>>> print(open('coords.cif').read())   # mmCIF, C-alpha atoms
data_coords
loop_
_atom_site.label_atom_id
_atom_site.label_comp_id
_atom_site.auth_asym_id
_atom_site.auth_seq_id
_atom_site.Cartn_x
_atom_site.Cartn_y
_atom_site.Cartn_z
CA MET T 1 1.34 25.18 1.12
CA SER T 2 -0.62 27.44 -1.16
CA SER T 3 -3.97 28.68 0.11
CA LYS T 4 -7.06 28.12 -1.99
CA THR T 5 -10.74 28.85 -1.51
CA PHE T 6 -13.15 25.91 -1.49
CA LYS T 7 -16.91 25.80 -1.21
CA ILE T 8 -18.89 23.48 1.05
CA ALA T 9 -21.35 21.48 -1.03
CA MET T 10 -24.55 19.66 -0.14
CA PRO T 11 -27.02 17.84 -2.40
CA GLU T 12 -30.08 19.96 -3.12
CA GLY T 13 -32.93 19.55 -0.66
CA LEU T 14 -30.88 17.83 2.04
CA ASP T 15 -30.50 19.05 5.61
CA THR T 16 -27.61 18.02 7.89
CA HIS T 17 -30.05 18.01 10.85
CA ASP T 18 -32.71 15.90 9.11
CA THR T 19 -34.00 13.21 11.48
CA SER T 20 -34.39 10.74 8.59
CA PRO T 21 -31.43 11.71 6.41
CA PRO T 22 -30.88 10.12 3.00
CA PRO T 23 -27.50 8.50 2.34
CA LEU T 24 -24.70 10.14 0.44
CA PRO T 25 -24.47 9.17 -3.25
CA SER T 26 -22.90 5.74 -3.63
CA TRP T 27 -20.47 6.86 -6.36
CA LEU T 28 -18.51 9.22 -4.09
CA LYS T 29 -14.89 8.34 -3.30
CA GLY T 30 -12.86 10.06 -0.64
CA PHE T 31 -12.71 10.54 3.10
CA CYS T 32 -14.94 10.83 6.14
CA VAL T 33 -13.47 13.74 8.08
CA THR T 34 -14.12 14.52 11.74
CA SER T 35 -13.23 17.72 13.56
CA LYS T 36 -11.88 18.38 17.04
CA ALA T 37 -15.08 20.27 17.83
CA PRO T 38 -18.41 19.65 16.05
CA SER T 39 -18.78 23.36 15.31
CA ASP T 40 -15.52 23.29 13.33
CA VAL T 41 -16.42 20.49 10.92
CA ARG T 42 -16.73 22.83 7.92
CA ARG T 43 -13.26 24.25 8.63
CA ALA T 44 -11.89 20.71 8.95
CA GLY T 45 -13.28 19.82 5.54
CA LEU T 46 -11.64 22.84 3.97
CA GLU T 47 -8.33 22.02 5.66
CA VAL T 48 -8.31 18.53 4.17
CA CYS T 49 -9.22 19.93 0.73
CA ASN T 50 -6.22 22.24 1.01
CA LEU T 51 -3.89 19.38 1.96
CA LEU T 52 -5.03 17.35 -1.03
CA ALA T 53 -4.56 20.36 -3.31
CA ASP T 54 -0.97 20.90 -2.21
CA GLY T 55 1.18 20.88 -5.35
CA PHE T 56 4.00 18.75 -4.00
CA PHE T 57 1.57 16.25 -2.47
CA LYS T 58 -0.33 15.86 -5.75
CA LEU T 59 2.91 15.49 -7.65
CA SER T 60 3.97 12.67 -5.33
CA TYR T 61 0.71 10.76 -4.97
CA ASP T 62 -1.56 11.74 -7.88
CA ASP T 63 0.78 10.72 -10.70
CA VAL T 64 -0.71 7.76 -12.57
CA SER T 65 1.86 8.03 -15.38
CA VAL T 66 -0.76 8.66 -18.07
CA PRO T 67 -0.95 12.02 -19.87
CA ARG T 68 -4.36 13.57 -19.21
CA SER T 69 -4.96 13.89 -22.96
CA MET T 70 -4.69 10.09 -23.21
CA VAL T 71 -6.92 9.21 -20.26
CA LYS T 72 -9.75 6.88 -21.28
CA PRO T 73 -12.31 6.31 -18.50
CA GLY T 74 -12.60 2.62 -17.72
CA GLU T 75 -9.39 1.82 -19.57
CA THR T 76 -6.64 3.92 -18.00
CA GLU T 77 -6.04 5.22 -14.50
CA VAL T 78 -7.64 8.59 -13.78
CA PRO T 79 -5.91 11.10 -11.45
CA TYR T 80 -7.90 13.38 -9.19
CA ASP T 81 -8.13 17.07 -10.05
CA THR T 82 -9.70 18.55 -6.94
CA ALA T 83 -11.28 17.67 -3.61
CA GLU T 84 -14.72 18.88 -2.52
CA ALA T 85 -16.10 19.05 1.02
CA ILE T 86 -19.70 17.81 1.23
CA LEU T 87 -21.94 18.05 4.30
CA VAL T 88 -23.22 14.70 5.57
CA PRO T 89 -27.01 14.87 6.06
CA GLY T 90 -28.00 14.01 9.63
CA SER T 91 -24.43 14.03 10.94
CA PRO T 92 -23.37 17.56 11.88
CA GLY T 93 -20.10 16.30 13.40
CA THR T 94 -18.70 14.84 10.16
CA ILE T 95 -18.02 16.02 6.63
CA PHE T 96 -17.19 14.04 3.50
CA VAL T 97 -14.29 15.13 1.32
CA ALA T 98 -14.85 13.75 -2.18
CA LEU T 99 -12.18 13.38 -4.84
CA ARG T 100 -13.09 14.79 -8.25
CA PRO T 101 -13.70 13.66 -10.91
CA ASP T 102 -15.96 10.91 -9.58
CA ASN T 103 -14.28 8.31 -11.80
CA THR T 104 -10.79 8.91 -10.38
CA THR T 105 -8.90 5.68 -9.81
CA VAL T 106 -6.38 7.12 -7.33
CA ASP T 107 -5.99 4.97 -4.21
CA HIS T 108 -7.66 7.07 -1.50
CA VAL T 109 -6.43 4.72 1.23
CA LEU T 110 -2.89 5.47 0.04
CA LEU T 111 -3.66 9.20 0.14
CA ALA T 112 -4.98 9.03 3.71
CA ARG T 113 -1.98 6.96 4.78
CA ALA T 114 0.37 9.47 3.14
CA LEU T 115 -1.24 12.42 4.90
CA ILE T 116 -0.97 10.74 8.32
CA GLU T 117 2.62 9.66 7.73
CA GLU T 118 3.58 13.09 6.38
CA ALA T 119 2.02 14.70 9.46
CA ASP T 120 4.06 12.40 11.70
CA HIS T 121 7.20 13.29 9.76
CA VAL T 122 6.93 17.08 9.54
CA GLY T 123 5.20 17.67 12.88
CA ALA T 124 2.27 19.81 13.95
CA GLU T 125 3.79 23.01 12.55
CA GLY T 126 4.72 21.56 9.15
CA TRP T 127 2.82 21.80 5.87
CA THR T 128 0.18 19.38 7.16
CA LYS T 129 -0.72 21.75 10.00
CA THR T 130 -4.44 21.51 10.75
CA ALA T 131 -6.16 23.49 13.46
CA HIS T 132 -9.56 21.80 13.28
CA THR T 133 -9.19 18.34 11.69
CA GLN T 134 -9.16 15.28 13.93
CA ARG T 135 -9.40 12.25 11.60
CA ILE T 136 -9.17 11.59 7.86
CA ILE T 137 -10.83 8.18 7.33
CA PRO T 138 -10.56 6.70 3.82
CA VAL T 139 -13.82 5.48 2.28
CA GLU T 140 -13.92 2.88 -0.50
CA SER T 141 -17.70 2.51 -0.83
CA ILE T 142 -20.92 4.05 0.49
CA ALA T 143 -24.41 2.64 0.91
CA PRO T 144 -27.60 3.33 2.88
CA GLU T 145 -27.06 2.43 6.53
CA MET T 146 -29.36 -0.61 6.53
CA ASP T 147 -27.63 -2.02 3.45
CA TYR T 148 -24.40 -2.47 5.38
CA LEU T 149 -24.38 -6.25 4.97
CA GLN T 150 -24.76 -6.10 1.18
CA LEU T 151 -21.97 -3.54 1.02
CA ALA T 152 -19.79 -5.70 3.27
CA LYS T 153 -20.31 -8.71 1.01
CA GLN T 154 -19.12 -6.66 -1.95
CA ILE T 155 -16.06 -5.33 -0.11
CA VAL T 156 -15.07 -8.70 1.37
CA SER T 157 -15.41 -10.51 -1.96
CA GLN T 158 -13.05 -7.98 -3.55
CA ARG T 159 -10.49 -7.64 -0.76
CA PHE T 160 -10.37 -11.07 0.88
CA PRO T 161 -9.55 -13.74 -1.70
CA GLU T 162 -9.14 -17.30 -0.46
CA ILE T 163 -5.63 -17.99 0.85
CA GLN T 164 -3.89 -21.26 0.04
CA PRO T 165 -2.28 -22.15 3.40
CA GLN T 166 0.42 -24.29 1.81
CA LEU T 167 1.44 -21.49 -0.57
CA GLU T 168 0.77 -18.23 1.29
CA PRO T 169 1.18 -17.04 4.89
CA LYS T 170 -2.05 -16.59 6.80
CA LYS T 171 -3.37 -13.08 7.25
CA SER T 172 -5.34 -11.73 10.18
CA PHE T 173 -8.17 -9.23 10.27
CA ALA T 174 -10.48 -7.26 12.54
CA VAL T 175 -13.73 -5.38 12.02
CA ARG T 176 -14.07 -1.88 13.48
CA TYR T 177 -17.51 -0.30 13.65
CA GLU T 178 -18.24 3.27 14.74
CA GLU T 179 -21.23 5.61 14.64
CA HIS T 180 -21.46 9.37 14.12
CA SER T 181 -25.04 10.60 14.67
CA PRO T 182 -26.51 7.51 12.94
CA ALA T 183 -30.05 7.52 11.65
CA LEU T 184 -30.51 4.19 13.46
CA HIS T 185 -28.41 2.77 16.29
CA LEU T 186 -27.22 -0.69 15.32
CA ASN T 187 -25.78 -3.23 17.74
CA SER T 188 -22.04 -2.91 17.12
CA ALA T 189 -21.23 -6.44 18.32
CA GLU T 190 -23.86 -7.96 16.02
CA VAL T 191 -22.73 -5.88 13.04
CA GLN T 192 -19.06 -6.75 13.54
CA LYS T 193 -19.84 -10.47 13.89
CA ALA T 194 -22.05 -10.47 10.79
CA VAL T 195 -19.29 -8.87 8.73
CA ALA T 196 -16.54 -11.06 10.21
CA ASP T 197 -18.56 -14.16 9.26
CA LEU T 198 -18.28 -13.11 5.60
CA VAL T 199 -14.48 -13.38 5.62
CA PRO T 200 -13.08 -16.73 4.40
CA ASP T 201 -11.89 -19.15 7.09
CA SER T 202 -8.35 -18.93 5.70
CA TYR T 203 -8.07 -15.59 7.55
CA THR T 204 -7.76 -15.42 11.33
CA VAL T 205 -9.27 -12.85 13.71
CA ASN T 206 -6.77 -10.66 15.54
CA LEU T 207 -8.27 -7.78 17.50
CA GLU T 208 -4.95 -6.46 18.80
CA ASN T 209 -2.72 -6.20 15.73
CA PRO T 210 -4.51 -7.35 12.56
CA ASP T 211 -2.93 -7.30 9.12
CA LEU T 212 -6.16 -5.94 7.64
CA THR T 213 -8.90 -3.88 9.26
CA ILE T 214 -12.41 -3.60 7.86
CA LEU T 215 -13.60 -0.10 8.73
CA MET T 216 -17.32 0.58 9.01
CA VAL T 217 -18.38 4.15 9.72
CA VAL T 218 -22.05 5.08 9.99
CA ALA T 219 -22.74 8.80 9.66
CA GLY T 220 -26.32 9.97 9.33
CA GLY T 221 -28.07 7.61 6.91
CA SER T 222 -24.85 6.36 5.27
CA VAL T 223 -22.51 3.47 5.96
CA MET T 224 -18.97 3.95 4.67
CA MET T 225 -16.51 1.09 4.37
CA SER T 226 -12.88 0.45 3.53
CA VAL T 227 -10.14 -2.11 4.18
CA VAL T 228 -6.78 -0.84 5.40
CA GLU T 229 -3.43 -2.20 6.50
CA GLY T 230 -1.74 -0.93 9.68
CA TYR T 231 -4.82 0.81 11.10
CA GLU T 232 -3.41 1.10 14.63
CA LYS T 233 0.03 2.18 13.38
CA LEU T 234 -1.73 4.98 11.52
CA HIS T 235 -3.28 6.15 14.82
CA ARG T 236 -6.73 5.19 13.48
CA PHE T 237 -6.25 8.00 10.96
CA HIS T 238 -5.92 10.73 13.58
CA ILE T 239 -3.78 13.43 12.02
CA HIS T 240 -0.99 14.81 14.24
CA SER T 241 -1.10 11.89 16.63
CA ALA T 242 0.30 13.74 19.65
CA SER T 243 -3.31 14.62 20.45
CA TYR T 244 -4.51 11.05 19.87
CA VAL T 245 -5.39 8.80 22.80
CA ALA T 246 -6.49 5.22 22.02
#
>>> encode(input="coords.cif", output="structure tokens")
Amino acid sequence: MSSKTFKIAMPEGLDTHDTSPPPLPSWLKGFCVTSKAPSDVRRAGLEVCNLLADGFFKLSYDDVSVPRSMVKPGETEVPYDTAEAILVPGSPGTIFVALRPDNTTVDHVLLARALIEEADHVGAEGWTKTAHTQRIIPVESIAPEMDYLQLAKQIVSQRFPEIQPQLEPKKSFAVRYEEHSPALHLNSAEVQKAVADLVPDSYTVNLENPDLTILMVVAGGSVMMSVVEGYEKLHRFHIHSASYVA
């Protein structure tokens, strides 16, 4: 894998140790990255940027079959050019890796899945070798922490269409909530129930092996959400799963 130099970005005027941190911008798309040690979170962010910049990886997963000269935002799919590590205000143990440009339409859940599966395939000494990265969690949408229910309504309406039992097999789901230095501590059981209640009754709850998992990650003043298949099989997005313990 080629080595590149990346900068760590942070919105002007924000402090990662702010006791009342503002949320990340809602238009960001990418990944919430955690490190094996909190002091290594910057290095973890740069490692993930390097993985996403790998030429063979981009060729395999960033090809949207549209020449860049013909890309029309809002009309055609938009590949990502680069990845940028951004500090998360109020959450020194996490970093956000954003895909650029902001209007990219690449499936970031697919990218995270591919990185985990590639890491499983090539092993800890392969091209996905990471010394500091622990997890690469895909993020579909971001909102202020206390707007989690509004964000959940948006995500559920998009990702959980009504199932016709007589025509389609039932699908199961679970809600997973976690906090990383949150601005406010929410009751995880209450949050998970409130979000689960938004899902149509044609889906069943399965906490052991769900078809779909609604991920909710609160870091600083932000709540980040996504819906993924095979969450447990992907080791909860721990990269190099030999070090992962459920």
>>> atom_distance(input="coords.cif", atom1="atom CA of T:Pro89", atom2="atom CA of T:Gln154")
24.3 Å
>>> resolve_selection(input="coords.cif", expression="the PyMOL selection byres ((chain T and resi 55-58) around 10)", output="PyMOL selection string")
chain T and resi 1-2+50-54+59-63+79-82+111+114-115+118
>>> resolve_selection(input="coords.cif", expression="the PyMOL selection byres ((chain T and resi 188) around 9)", output="MDAnalysis selection string")
chainID T and resid 176:179 185:187 189:193
>>> atom_distance(input="coords.cif", atom1="atom CA of T:Val139", atom2="atom CA of T:Lys29")
6.4 Å
>>> resolve_selection(input="coords.cif", expression="the PyMOL selection byres ((chain T and resi 196-210) around 9)", output="PyMOL selection string")
chain T and resi 152-153+156-157+160-165+170-175+191-195+211-214+229-232
>>> atom_distance(input="coords.cif", atom1="atom CA of T:Arg236", atom2="atom CA of T:Glu140")
15.9 Å
>>> closest_residue(input="coords.cif", among="T:Ile136, T:Leu28, T:Gly93, T:Arg100", to="T:Ile116", atoms="only C-alpha atoms")
T:Ile136
>>> closest_residue(input="coords.cif", among="T:Ser181, T:Thr34, T:Ser26, T:Gln150", to="T:Val97", atoms="all atoms listed in the file")
T:Thr34
>>> closest_residue(input="coords.cif", among="T:Thr104, T:Lys129, T:Val227, T:Pro144", to="T:Gln158", atoms="only C-alpha atoms")
T:Val227
>>> closest_residue(input="coords.cif", among="T:Val48, T:Val78, T:Val41, T:Leu234", to="T:Thr105", atoms="only C-alpha atoms")
T:Val78
>>> closest_residue(input="coords.cif", among="T:Leu151, T:Ala143, T:Leu110, T:Ala119", to="T:Ala219", atoms="only C-alpha atoms")
T:Ala143
